[in-house]
$ cat entry.csv   # CSV, C-alpha atoms and all ligand atoms
chain,number,residue,atom,x,y,z
Q,11,MET,CA,-12.3,14.1,-13.7
Q,12,SER,CA,-15.1,11.6,-14.3
Q,13,LYS,CA,-16.2,9.6,-11.4
Q,14,VAL,CA,-13.9,6.8,-10.5
Q,15,HIS,CA,-15.1,3.2,-10.0
Q,16,PHE,CA,-13.5,0.3,-8.1
Q,17,GLU,CA,-14.5,-3.3,-8.7
Q,18,LEU,CA,-13.1,-6.2,-6.6
Q,19,GLU,CA,-12.2,-8.7,-9.4
Q,20,LYS,CA,-10.0,-11.3,-7.7
Q,21,THR,CA,-8.9,-12.4,-4.2
Q,22,ILE,CA,-5.9,-14.7,-3.8
Q,23,TYR,CA,-5.0,-16.6,-0.7
Q,24,LEU,CA,-2.5,-19.1,-1.9
Q,25,MET,CA,0.4,-19.4,-4.3
Q,26,ASP,CA,-1.3,-21.7,-6.7
Q,27,GLN,CA,-4.1,-19.2,-7.1
Q,28,LEU,CA,-1.7,-16.6,-8.5
Q,29,ALA,CA,-2.6,-16.1,-12.1
Q,30,GLU,CA,-1.7,-13.5,-14.7
Q,31,MET,CA,-4.0,-10.5,-14.4
Q,32,PRO,CA,-3.4,-8.8,-17.7
Q,33,ALA,CA,-3.7,-5.1,-16.9
Q,34,SER,CA,-1.3,-2.6,-15.3
Q,35,GLN,CA,-1.1,-3.1,-11.6
Q,36,ILE,CA,0.0,-1.0,-8.6
Q,37,ALA,CA,0.3,-2.8,-5.3
Q,38,MET,CA,-0.2,-1.3,-1.8
Q,39,ALA,CA,2.4,-2.6,0.6
Q,40,GLY,CA,3.3,-1.8,4.1
Q,41,ARG,CA,3.2,-3.1,7.7
Q,42,SER,CA,0.0,-4.4,9.2
Q,43,ASN,CA,-2.3,-1.6,10.3
Q,44,VAL,CA,-0.5,1.2,8.4
Q,45,GLY,CA,-3.7,2.0,6.5
Q,46,LYS,CA,-3.5,0.2,3.1
Q,47,SER,CA,-7.1,-0.8,3.0
Q,48,SER,CA,-8.2,2.6,4.4
Q,49,LEU,CA,-6.3,4.4,1.6
Q,50,ILE,CA,-8.0,2.3,-1.0
Q,51,ASN,CA,-11.4,3.1,0.4
Q,52,ARG,CA,-10.6,6.8,0.5
Q,53,LEU,CA,-9.4,6.7,-3.1
Q,54,ALA,CA,-12.5,4.9,-4.1
Q,55,GLY,CA,-14.7,7.2,-2.1
Q,56,ARG,CA,-16.3,4.2,-0.5
Q,57,LYS,CA,-16.1,3.5,3.2
Q,58,LYS,CA,-16.7,-0.2,3.2
Q,59,LEU,CA,-15.1,-1.4,0.0
Q,60,ALA,CA,-12.0,-2.9,1.6
Q,61,LYS,CA,-12.3,-4.3,5.1
Q,62,ILE,CA,-10.4,-2.4,7.7
Q,63,SER,CA,-9.8,-3.0,11.3
Q,64,SER,CA,-8.2,-1.3,14.3
Q,65,SER,CA,-6.4,-4.6,15.1
Q,66,PRO,CA,-3.6,-5.5,12.7
Q,67,GLY,CA,-3.7,-8.5,10.3
Q,68,LYS,CA,-7.1,-7.7,8.8
Q,69,THR,CA,-6.3,-8.2,5.1
Q,70,ARG,CA,-5.1,-11.8,4.6
Q,71,SER,CA,-5.3,-12.1,0.8
Q,72,LEU,CA,-4.2,-10.2,-2.3
Q,73,ASN,CA,-7.2,-8.2,-3.5
Q,74,PHE,CA,-7.4,-6.9,-7.0
Q,75,TYR,CA,-9.5,-3.9,-7.5
Q,76,MET,CA,-10.0,-2.8,-11.1
Q,77,VAL,CA,-10.0,1.0,-11.3
Q,78,THR,CA,-11.9,2.8,-14.1
Q,79,PRO,CA,-11.3,5.1,-15.8
Q,80,GLY,CA,-7.7,4.0,-16.3
Q,81,ASP,CA,-8.3,0.3,-16.4
Q,82,PHE,CA,-5.6,-0.7,-13.9
Q,83,TYR,CA,-5.6,-2.8,-10.8
Q,84,LEU,CA,-4.9,-1.5,-7.3
Q,85,VAL,CA,-3.8,-4.5,-5.3
Q,86,ASP,CA,-4.4,-4.5,-1.6
Q,87,LEU,CA,-1.8,-6.7,0.1
Q,88,PRO,CA,-1.7,-8.3,3.5
Q,89,GLY,CA,0.4,-6.3,5.9
Q,90,TYR,CA,3.8,-7.6,7.2
Q,91,GLY,CA,5.2,-7.5,10.6
Q,92,TYR,CA,2.1,-8.8,12.3
Q,93,ALA,CA,3.4,-10.7,15.3
Q,94,ARG,CA,0.4,-12.6,16.3
Q,95,THR,CA,0.2,-14.9,13.3
Q,96,SER,CA,2.1,-18.2,13.3
Q,97,LYS,CA,5.7,-18.2,12.0
Q,98,LYS,CA,4.6,-20.6,9.2
Q,99,GLU,CA,1.7,-18.3,8.1
Q,100,ARG,CA,4.0,-15.3,8.1
Q,101,ALA,CA,6.5,-17.1,5.9
Q,102,GLN,CA,3.8,-18.2,3.5
Q,103,TRP,CA,2.5,-14.6,3.1
Q,104,ALA,CA,6.0,-13.2,2.6
Q,105,ASN,CA,6.6,-15.8,0.0
Q,106,LEU,CA,3.3,-15.2,-1.8
Q,107,ILE,CA,3.9,-11.4,-1.8
Q,108,GLU,CA,7.5,-11.8,-3.0
Q,109,ILE,CA,6.5,-14.1,-5.9
Q,110,TYR,CA,3.7,-11.8,-6.8
Q,111,ILE,CA,6.0,-8.8,-7.0
Q,112,LYS,CA,8.9,-10.5,-8.6
Q,113,ASP,CA,7.2,-12.6,-11.3
Q,114,ASN,CA,4.8,-10.0,-12.6
Q,115,ASP,CA,5.3,-8.1,-15.8
Q,116,TRP,CA,2.2,-6.1,-15.2
Q,117,LEU,CA,3.3,-4.5,-11.9
Q,118,ARG,CA,4.2,-0.9,-12.6
Q,119,ALA,CA,5.0,0.3,-9.1
Q,120,VAL,CA,4.7,-0.6,-5.5
Q,121,ALA,CA,3.2,2.0,-3.2
Q,122,VAL,CA,5.0,1.6,0.1
Q,123,LEU,CA,2.9,3.0,2.9
Q,124,LEU,CA,4.7,4.5,5.9
Q,125,ASP,CA,3.2,5.5,9.2
Q,126,SER,CA,3.6,9.3,9.6
Q,127,ARG,CA,4.0,8.8,13.4
Q,128,HIS,CA,7.1,6.6,13.3
Q,129,SER,CA,10.7,6.9,12.2
Q,130,PRO,CA,11.7,4.3,9.5
Q,131,GLN,CA,11.6,0.8,11.0
Q,132,LYS,CA,13.8,-2.1,10.1
Q,133,ILE,CA,10.9,-4.1,8.5
Q,134,ASP,CA,10.0,-1.1,6.2
Q,135,LEU,CA,13.7,-0.8,5.2
Q,136,GLU,CA,13.8,-4.5,4.3
Q,137,LEU,CA,10.9,-4.0,1.9
Q,138,VAL,CA,12.4,-0.9,0.4
Q,139,THR,CA,15.7,-2.6,0.0
Q,140,PHE,CA,14.1,-5.6,-1.7
Q,141,LEU,CA,12.2,-3.3,-4.1
Q,142,GLN,CA,15.2,-1.2,-4.9
Q,143,GLY,CA,17.2,-4.4,-5.5
Q,144,ILE,CA,14.8,-5.6,-8.2
Q,145,GLY,CA,14.6,-2.1,-9.7
Q,146,MET,CA,10.9,-1.7,-8.9
Q,147,THR,CA,9.4,1.8,-8.9
Q,148,ILE,CA,8.5,2.8,-5.4
Q,149,ILE,CA,5.7,5.3,-4.6
Q,150,PRO,CA,6.3,6.2,-0.9
Q,151,ILE,CA,3.2,7.3,0.8
Q,152,MET,CA,3.0,8.5,4.4
Q,153,THR,CA,-0.4,7.6,6.1
Q,154,LYS,CA,-2.3,8.9,9.1
Q,155,ALA,CA,-0.9,12.4,8.6
Q,156,ASP,CA,-3.8,13.7,10.7
Q,157,LYS,CA,-2.2,12.1,13.8
Q,158,PRO,CA,1.3,13.6,14.4
Q,159,LYS,CA,2.2,17.3,14.7
Q,160,GLN,CA,3.3,18.7,11.4
Q,161,ARG,CA,6.8,19.3,12.7
Q,162,ASP,CA,7.2,15.7,13.7
Q,163,ARG,CA,5.7,14.5,10.4
Q,164,GLU,CA,8.2,16.5,8.4
Q,165,LYS,CA,11.1,15.0,10.4
Q,166,VAL,CA,9.9,11.5,9.4
Q,167,ARG,CA,9.4,12.6,5.8
Q,168,LYS,CA,13.0,13.9,5.7
Q,169,GLN,CA,14.3,10.7,7.1
Q,170,TRP,CA,12.6,8.7,4.4
Q,171,ALA,CA,13.7,11.1,1.7
Q,172,THR,CA,17.3,10.3,2.7
Q,173,ILE,CA,16.7,6.6,2.5
Q,174,LEU,CA,15.0,7.0,-0.9
Q,175,ASP,CA,17.8,8.9,-2.5
Q,176,GLY,CA,15.9,12.2,-2.2
Q,177,GLN,CA,12.5,11.0,-3.2
Q,178,LYS,CA,10.0,12.6,-0.8
Q,179,PRO,CA,7.0,10.6,0.4
Q,180,LEU,CA,3.5,11.8,-0.4
Q,181,VAL,CA,1.7,12.8,2.8
Q,182,THR,CA,-1.9,11.5,3.1
Q,183,SER,CA,-4.7,10.9,5.5
Q,184,ALA,CA,-7.6,8.5,4.8
Q,185,GLU,CA,-9.3,10.2,7.7
Q,186,THR,CA,-9.4,13.8,6.3
Q,187,GLY,CA,-8.7,13.1,2.7
Q,188,MET,CA,-5.5,15.0,2.8
Q,189,GLY,CA,-3.1,14.3,-0.2
Q,190,MET,CA,-5.6,12.3,-2.3
Q,191,ASP,CA,-5.2,14.5,-5.4
Q,192,THR,CA,-1.4,14.0,-5.4
Q,193,ALA,CA,-1.8,10.3,-4.6
Q,194,TRP,CA,-4.0,9.9,-7.7
Q,195,GLU,CA,-1.5,11.8,-9.8
Q,196,ALA,CA,1.3,9.5,-8.7
Q,197,LEU,CA,-0.7,6.4,-9.3
Q,198,ARG,CA,-1.8,7.5,-12.7
Q,199,ALA,CA,1.7,8.6,-13.7
Q,200,ALA,CA,3.1,5.2,-12.7
Q,201,VAL,CA,0.4,3.4,-14.8
Q,202,ALA,CA,1.1,5.7,-17.8
Q,203,LYS,CA,4.9,5.0,-17.7
T,1,LIG,P1,-3.8,-4.9,7.5
T,1,LIG,O1,-4.9,-5.3,6.5
T,1,LIG,O2,-3.9,-5.5,8.8
T,1,LIG,O3,-2.4,-5.1,6.9
T,1,LIG,O4,-3.9,-3.3,7.8
T,1,LIG,P2,-4.1,-2.1,6.8
T,1,LIG,O5,-2.8,-1.5,6.4
T,1,LIG,O6,-5.0,-2.4,5.7
T,1,LIG,O7,-4.8,-1.0,7.7
T,1,LIG,P3,-6.3,-0.5,7.8
T,1,LIG,O8,-6.7,0.2,6.6
T,1,LIG,O9,-7.2,-1.7,8.1
T,1,LIG,O10,-6.3,0.5,9.0
T,1,LIG,C1,-5.8,0.2,10.3
T,1,LIG,C2,-6.4,1.2,11.3
T,1,LIG,O11,-5.8,2.5,11.1
T,1,LIG,C3,-7.9,1.4,11.3
T,1,LIG,O12,-8.4,1.5,12.6
T,1,LIG,C4,-8.1,2.7,10.5
T,1,LIG,O13,-9.3,3.3,10.9
T,1,LIG,C5,-6.9,3.5,10.9
T,1,LIG,N1,-6.5,4.4,9.9
T,1,LIG,C6,-6.2,4.2,8.6
T,1,LIG,N2,-5.8,5.3,8.0
T,1,LIG,C7,-5.9,6.3,8.9
T,1,LIG,C8,-5.7,7.7,8.8
T,1,LIG,O14,-5.4,8.3,7.7
T,1,LIG,N3,-5.9,8.5,9.9
T,1,LIG,C9,-6.3,7.9,11.1
T,1,LIG,N4,-6.4,8.6,12.2
T,1,LIG,N5,-6.5,6.5,11.2
T,1,LIG,C10,-6.3,5.8,10.1
T,2,MG,MG,-5.8,-4.2,5.0
$ encode --input "entry.csv" --output "structure tokens"
Amino acid sequence: MSKVHFELEKTIYLMDQLAEMPASQIAMAGRSNVGKSSLINRLAGRKKLAKISSSPGKTRSLNFYMVTPGDFYLVDLPGYGYARTSKKERAQWANLIEIYIKDNDWLRAVAVLLDSRHSPQKIDLELVTFLQGIGMTIIPIMTKADKPKQRDREKVRKQWATILDGQKPLVTSAETGMGMDTAWEALRAAVAK
């Protein structure tokens, strides 16, 4: 494959900044700290493209990365479930993300990132249920696969497959690069659909 290129084209903080971005889009969603920005960096082959942090709540805007070849946007979303922000701020983000996902004809799929170390959590289930409810294509991706034992990881993967009507999450690590080829395949397949 020819070398892939990512270009940050737009950053959105507020509802009234939401504008049509006329190209196929895939959004990266998941709880705060799950590794959304790290996965984008790994896919881009660049360590400092998206800002990452060991403390949750790093990404606070919708960031549109144009990916070439392919000409689609990968959209880095703020994480949910971050307790230390104000209630009002959390509600605003949830609203912004919900509107972005619902009113967007260009959105082909939402990659839902899931921590390999944890059994499905209520807040993740809420997102999955919301996406299933609006008929959105879900690409489930387990992150931080380098952390747990393989046996424990597989247990979590099976739990998710049950919730997702048999669809097995991809298993990735932004640390080691594990699963990047299959992740690319899934993203490109969703764009081509
Ligand atoms: P928010 O922007 O706060 O929503 O977080 P995020 O989902 O973008 O997470 P981010 O990419 O900033 O990563 C959070 C922390 O997890 C950082 O300390 C990363 O280095 C670490 N991390 C991310 N991916 C991996 C991984 O695959 N393996 C390991 N071991 N650590 C990871
Ligand atoms: Mg982030």
$ atom_distance --input "entry.csv" --atom1 "atom CA of Asn114 of chain Q" --atom2 "atom CA of Leu180 of chain Q"
25.0 Å
$ residues_near_ligand --input "entry.csv" --ligand "ligand LIG 1 (chain T)" --cutoff "10 Å" --atoms "all atoms listed in the file" --output "PyMOL selection string"
chain Q and resi 38-52+60-71+86-92+123-126+152-158+181-188
$ atom_distance --input "entry.csv" --atom1 "atom CA of Lys13 of chain Q" --atom2 "atom CA of Gly80 of chain Q"
11.3 Å
$ residues_around --input "entry.csv" --residues "segment 175-179 of chain Q" --least-positions-apart "2" --cutoff "6 Å" --atoms "all atoms listed in the file" --output "number ranges by chain"
Q: 150-151, 171-173
$ residues_around --input "entry.csv" --residues "Val201 of chain Q" --least-positions-apart "3" --cutoff "8 Å" --atoms "only C-alpha atoms" --output "PyMOL selection string"
chain Q and resi 34-36+82+118-119+197-198
$ write_last_selection --input "entry.csv" --atoms "C-alpha atoms" --output "PDB file, in the coordinates of the input"
ATOM      1  CA  SER Q  34      -1.300  -2.600 -15.300  1.00  0.00           C
ATOM      2  CA  GLN Q  35      -1.100  -3.100 -11.600  1.00  0.00           C
ATOM      3  CA  ILE Q  36       0.000  -1.000  -8.600  1.00  0.00           C
ATOM      4  CA  PHE Q  82      -5.600  -0.700 -13.900  1.00  0.00           C
ATOM      5  CA  ARG Q 118       4.200  -0.900 -12.600  1.00  0.00           C
ATOM      6  CA  ALA Q 119       5.000   0.300  -9.100  1.00  0.00           C
ATOM      7  CA  LEU Q 197      -0.700   6.400  -9.300  1.00  0.00           C
ATOM      8  CA  ARG Q 198      -1.800   7.500 -12.700  1.00  0.00           C
TER       9      ARG Q 198
END
$ residues_around --input "entry.csv" --residues "Glu17 of chain Q" --least-positions-apart "4" --cutoff "7 Å" --atoms "only C-alpha atoms" --output "PyMOL selection string"
chain Q and resi 75-77
$ closest_residue --input "entry.csv" --among "Q:Ala33, Q:Val14, Q:His128, Q:Leu72" --to "ligand MG 2 (chain T)" --atoms "only C-alpha atoms and all ligand atoms"
Q:Leu72
$ closest_residue --input "entry.csv" --among "Q:Leu59, Q:Met190, Q:Lys159, Q:Ser96" --to "ligand MG 2 (chain T)" --atoms "all atoms listed in the file"
Q:Leu59
$ closest_residue --input "entry.csv" --among "Q:Leu28, Q:Ile148, Q:Val85, Q:Lys20" --to "ligand MG 2 (chain T)" --atoms "only C-alpha atoms and all ligand atoms"
Q:Val85
$ residues_near_point --input "entry.csv" --point "(10.7, -2.4, 6.6)" --cutoff "10 Å" --atoms "all atoms listed in the file" --output "compact mmCIF listing (two decimals) with C-alpha atoms, keeping the file's coordinate frame"
# COMPACT_ATOMS: atom_id res chain seq x y z
CA GLY Q 40 3.30 -1.80 4.10
CA ARG Q 41 3.20 -3.10 7.70
CA TYR Q 90 3.80 -7.60 7.20
CA GLY Q 91 5.20 -7.50 10.60
CA VAL Q 122 5.00 1.60 0.10
CA LEU Q 124 4.70 4.50 5.90
CA PRO Q 130 11.70 4.30 9.50
CA GLN Q 131 11.60 0.80 11.00
CA LYS Q 132 13.80 -2.10 10.10
CA ILE Q 133 10.90 -4.10 8.50
CA ASP Q 134 10.00 -1.10 6.20
CA LEU Q 135 13.70 -0.80 5.20
CA GLU Q 136 13.80 -4.50 4.30
CA LEU Q 137 10.90 -4.00 1.90
CA VAL Q 138 12.40 -0.90 0.40
CA THR Q 139 15.70 -2.60 0.00
CA PHE Q 140 14.10 -5.60 -1.70
$ atom_distance --input "entry.csv" --atom1 "atom CA of Pro32 of chain Q" --atom2 "atom CA of Ile109 of chain Q"
16.3 Å
$ closest_residue --input "entry.csv" --among "Q:Arg127, Q:Leu53, Q:Gln27, Q:Pro79" --to "Thr192 of chain Q" --atoms "all atoms listed in the file"
Q:Leu53
$ closest_residue --input "entry.csv" --among "Q:Arg56, Q:Asn73, Q:Gln142, Q:Leu24" --to "ligand MG 2 (chain T)" --atoms "all atoms listed in the file"
Q:Asn73
$ closest_residue --input "entry.csv" --among "Q:Lys58, Q:Leu117, Q:Asp81, Q:Gln102" --to "ligand MG 2 (chain T)" --atoms "all atoms listed in the file"
Q:Lys58
$ residues_around --input "entry.csv" --residues "Ser129 of chain Q" --least-positions-apart "5" --cutoff "10 Å" --atoms "all atoms listed in the file" --output "ChimeraX atom specification"
/Q:124,162-163,165-170
$ decode --input "entry.csv" --residues "segment 138-167 of chain Q" --atoms "N, CA and C atoms" --output "JSON list (two decimals), in the first residue's frame"
[["chain", "number", "residue", "atom", "x", "y", "z"],
["Q", 138, "VAL", "N", -23.33, 1.82, 22.62],
["Q", 138, "VAL", "CA", -23.64, 0.76, 21.65],
["Q", 138, "VAL", "C", -25.14, 0.70, 21.39],
["Q", 139, "THR", "N", -25.93, 0.81, 22.46],
["Q", 139, "THR", "CA", -27.39, 0.77, 22.30],
["Q", 139, "THR", "C", -27.89, 1.96, 21.47],
["Q", 140, "PHE", "N", -27.33, 3.12, 21.74],
["Q", 140, "PHE", "CA", -27.68, 4.32, 20.96],
["Q", 140, "PHE", "C", -27.35, 4.11, 19.48],
["Q", 141, "LEU", "N", -26.17, 3.60, 19.19],
["Q", 141, "LEU", "CA", -25.76, 3.40, 17.79],
["Q", 141, "LEU", "C", -26.61, 2.33, 17.11],
["Q", 142, "GLN", "N", -26.88, 1.25, 17.84],
["Q", 142, "GLN", "CA", -27.74, 0.19, 17.28],
["Q", 142, "GLN", "C", -29.12, 0.75, 16.99],
["Q", 143, "GLY", "N", -29.59, 1.61, 17.88],
["Q", 143, "GLY", "CA", -30.93, 2.20, 17.76],
["Q", 143, "GLY", "C", -31.09, 3.06, 16.52],
["Q", 144, "ILE", "N", -30.03, 3.73, 16.10],
["Q", 144, "ILE", "CA", -30.14, 4.56, 14.90],
["Q", 144, "ILE", "C", -29.61, 3.83, 13.66],
["Q", 145, "GLY", "N", -29.30, 2.54, 13.84],
["Q", 145, "GLY", "CA", -28.86, 1.71, 12.71],
["Q", 145, "GLY", "C", -27.47, 2.05, 12.20],
["Q", 146, "MET", "N", -26.64, 2.61, 13.07],
["Q", 146, "MET", "CA", -25.28, 2.97, 12.67],
["Q", 146, "MET", "C", -24.37, 1.74, 12.64],
["Q", 147, "THR", "N", -23.54, 1.64, 11.62],
["Q", 147, "THR", "CA", -22.55, 0.57, 11.57],
["Q", 147, "THR", "C", -21.53, 0.77, 12.69],
["Q", 148, "ILE", "N", -21.28, -0.29, 13.43],
["Q", 148, "ILE", "CA", -20.33, -0.24, 14.54],
["Q", 148, "ILE", "C", -19.09, -1.05, 14.17],
["Q", 149, "ILE", "N", -17.93, -0.46, 14.39],
["Q", 149, "ILE", "CA", -16.68, -1.23, 14.26],
["Q", 149, "ILE", "C", -16.11, -1.34, 15.68],
["Q", 150, "PRO", "N", -16.33, -2.49, 16.33],
["Q", 150, "PRO", "CA", -15.82, -2.61, 17.71],
["Q", 150, "PRO", "C", -14.32, -2.90, 17.70],
["Q", 151, "ILE", "N", -13.58, -2.13, 18.46],
["Q", 151, "ILE", "CA", -12.12, -2.28, 18.49],
["Q", 151, "ILE", "C", -11.64, -2.32, 19.93],
["Q", 152, "MET", "N", -11.06, -3.42, 20.33],
["Q", 152, "MET", "CA", -10.47, -3.50, 21.66],
["Q", 152, "MET", "C", -9.08, -2.87, 21.61],
["Q", 153, "THR", "N", -8.80, -2.03, 22.63],
["Q", 153, "THR", "CA", -7.52, -1.32, 22.70],
["Q", 153, "THR", "C", -6.66, -1.88, 23.85],
["Q", 154, "LYS", "N", -5.41, -1.48, 23.87],
["Q", 154, "LYS", "CA", -4.47, -1.83, 24.95],
["Q", 154, "LYS", "C", -4.34, -3.35, 25.11],
["Q", 155, "ALA", "N", -4.38, -4.06, 23.98],
["Q", 155, "ALA", "CA", -4.31, -5.53, 24.02],
["Q", 155, "ALA", "C", -2.98, -6.03, 24.58],
["Q", 156, "ASP", "N", -1.99, -5.16, 24.64],
["Q", 156, "ASP", "CA", -0.69, -5.56, 25.21],
["Q", 156, "ASP", "C", -0.76, -5.70, 26.73],
["Q", 157, "LYS", "N", -1.82, -5.16, 27.33],
["Q", 157, "LYS", "CA", -1.88, -5.13, 28.80],
["Q", 157, "LYS", "C", -2.37, -6.43, 29.47],
["Q", 158, "PRO", "N", -3.55, -6.93, 29.13],
["Q", 158, "PRO", "CA", -4.03, -8.12, 29.85],
["Q", 158, "PRO", "C", -3.42, -9.42, 29.31],
["Q", 159, "LYS", "N", -3.59, -10.48, 30.06],
["Q", 159, "LYS", "CA", -3.23, -11.82, 29.58],
["Q", 159, "LYS", "C", -4.18, -12.18, 28.45],
["Q", 160, "GLN", "N", -3.68, -12.95, 27.51],
["Q", 160, "GLN", "CA", -4.49, -13.31, 26.34],
["Q", 160, "GLN", "C", -5.81, -13.97, 26.73],
["Q", 161, "ARG", "N", -5.73, -14.81, 27.75],
["Q", 161, "ARG", "CA", -6.91, -15.54, 28.20],
["Q", 161, "ARG", "C", -8.01, -14.58, 28.69],
["Q", 162, "ASP", "N", -7.58, -13.59, 29.47],
["Q", 162, "ASP", "CA", -8.54, -12.61, 30.00],
["Q", 162, "ASP", "C", -9.11, -11.74, 28.87],
["Q", 163, "ARG", "N", -8.25, -11.41, 27.94],
["Q", 163, "ARG", "CA", -8.64, -10.60, 26.79],
["Q", 163, "ARG", "C", -9.72, -11.31, 25.97],
["Q", 164, "GLU", "N", -9.52, -12.59, 25.75],
["Q", 164, "GLU", "CA", -10.48, -13.38, 24.96],
["Q", 164, "GLU", "C", -11.83, -13.46, 25.66],
["Q", 165, "LYS", "N", -11.79, -13.49, 26.99],
["Q", 165, "LYS", "CA", -13.03, -13.53, 27.76],
["Q", 165, "LYS", "C", -13.83, -12.24, 27.52],
["Q", 166, "VAL", "N", -13.13, -11.12, 27.58],
["Q", 166, "VAL", "CA", -13.77, -9.82, 27.34],
["Q", 166, "VAL", "C", -14.31, -9.76, 25.89],
["Q", 167, "ARG", "N", -13.52, -10.30, 24.98],
["Q", 167, "ARG", "CA", -13.91, -10.28, 23.57],
["Q", 167, "ARG", "C", -15.20, -11.07, 23.34]]
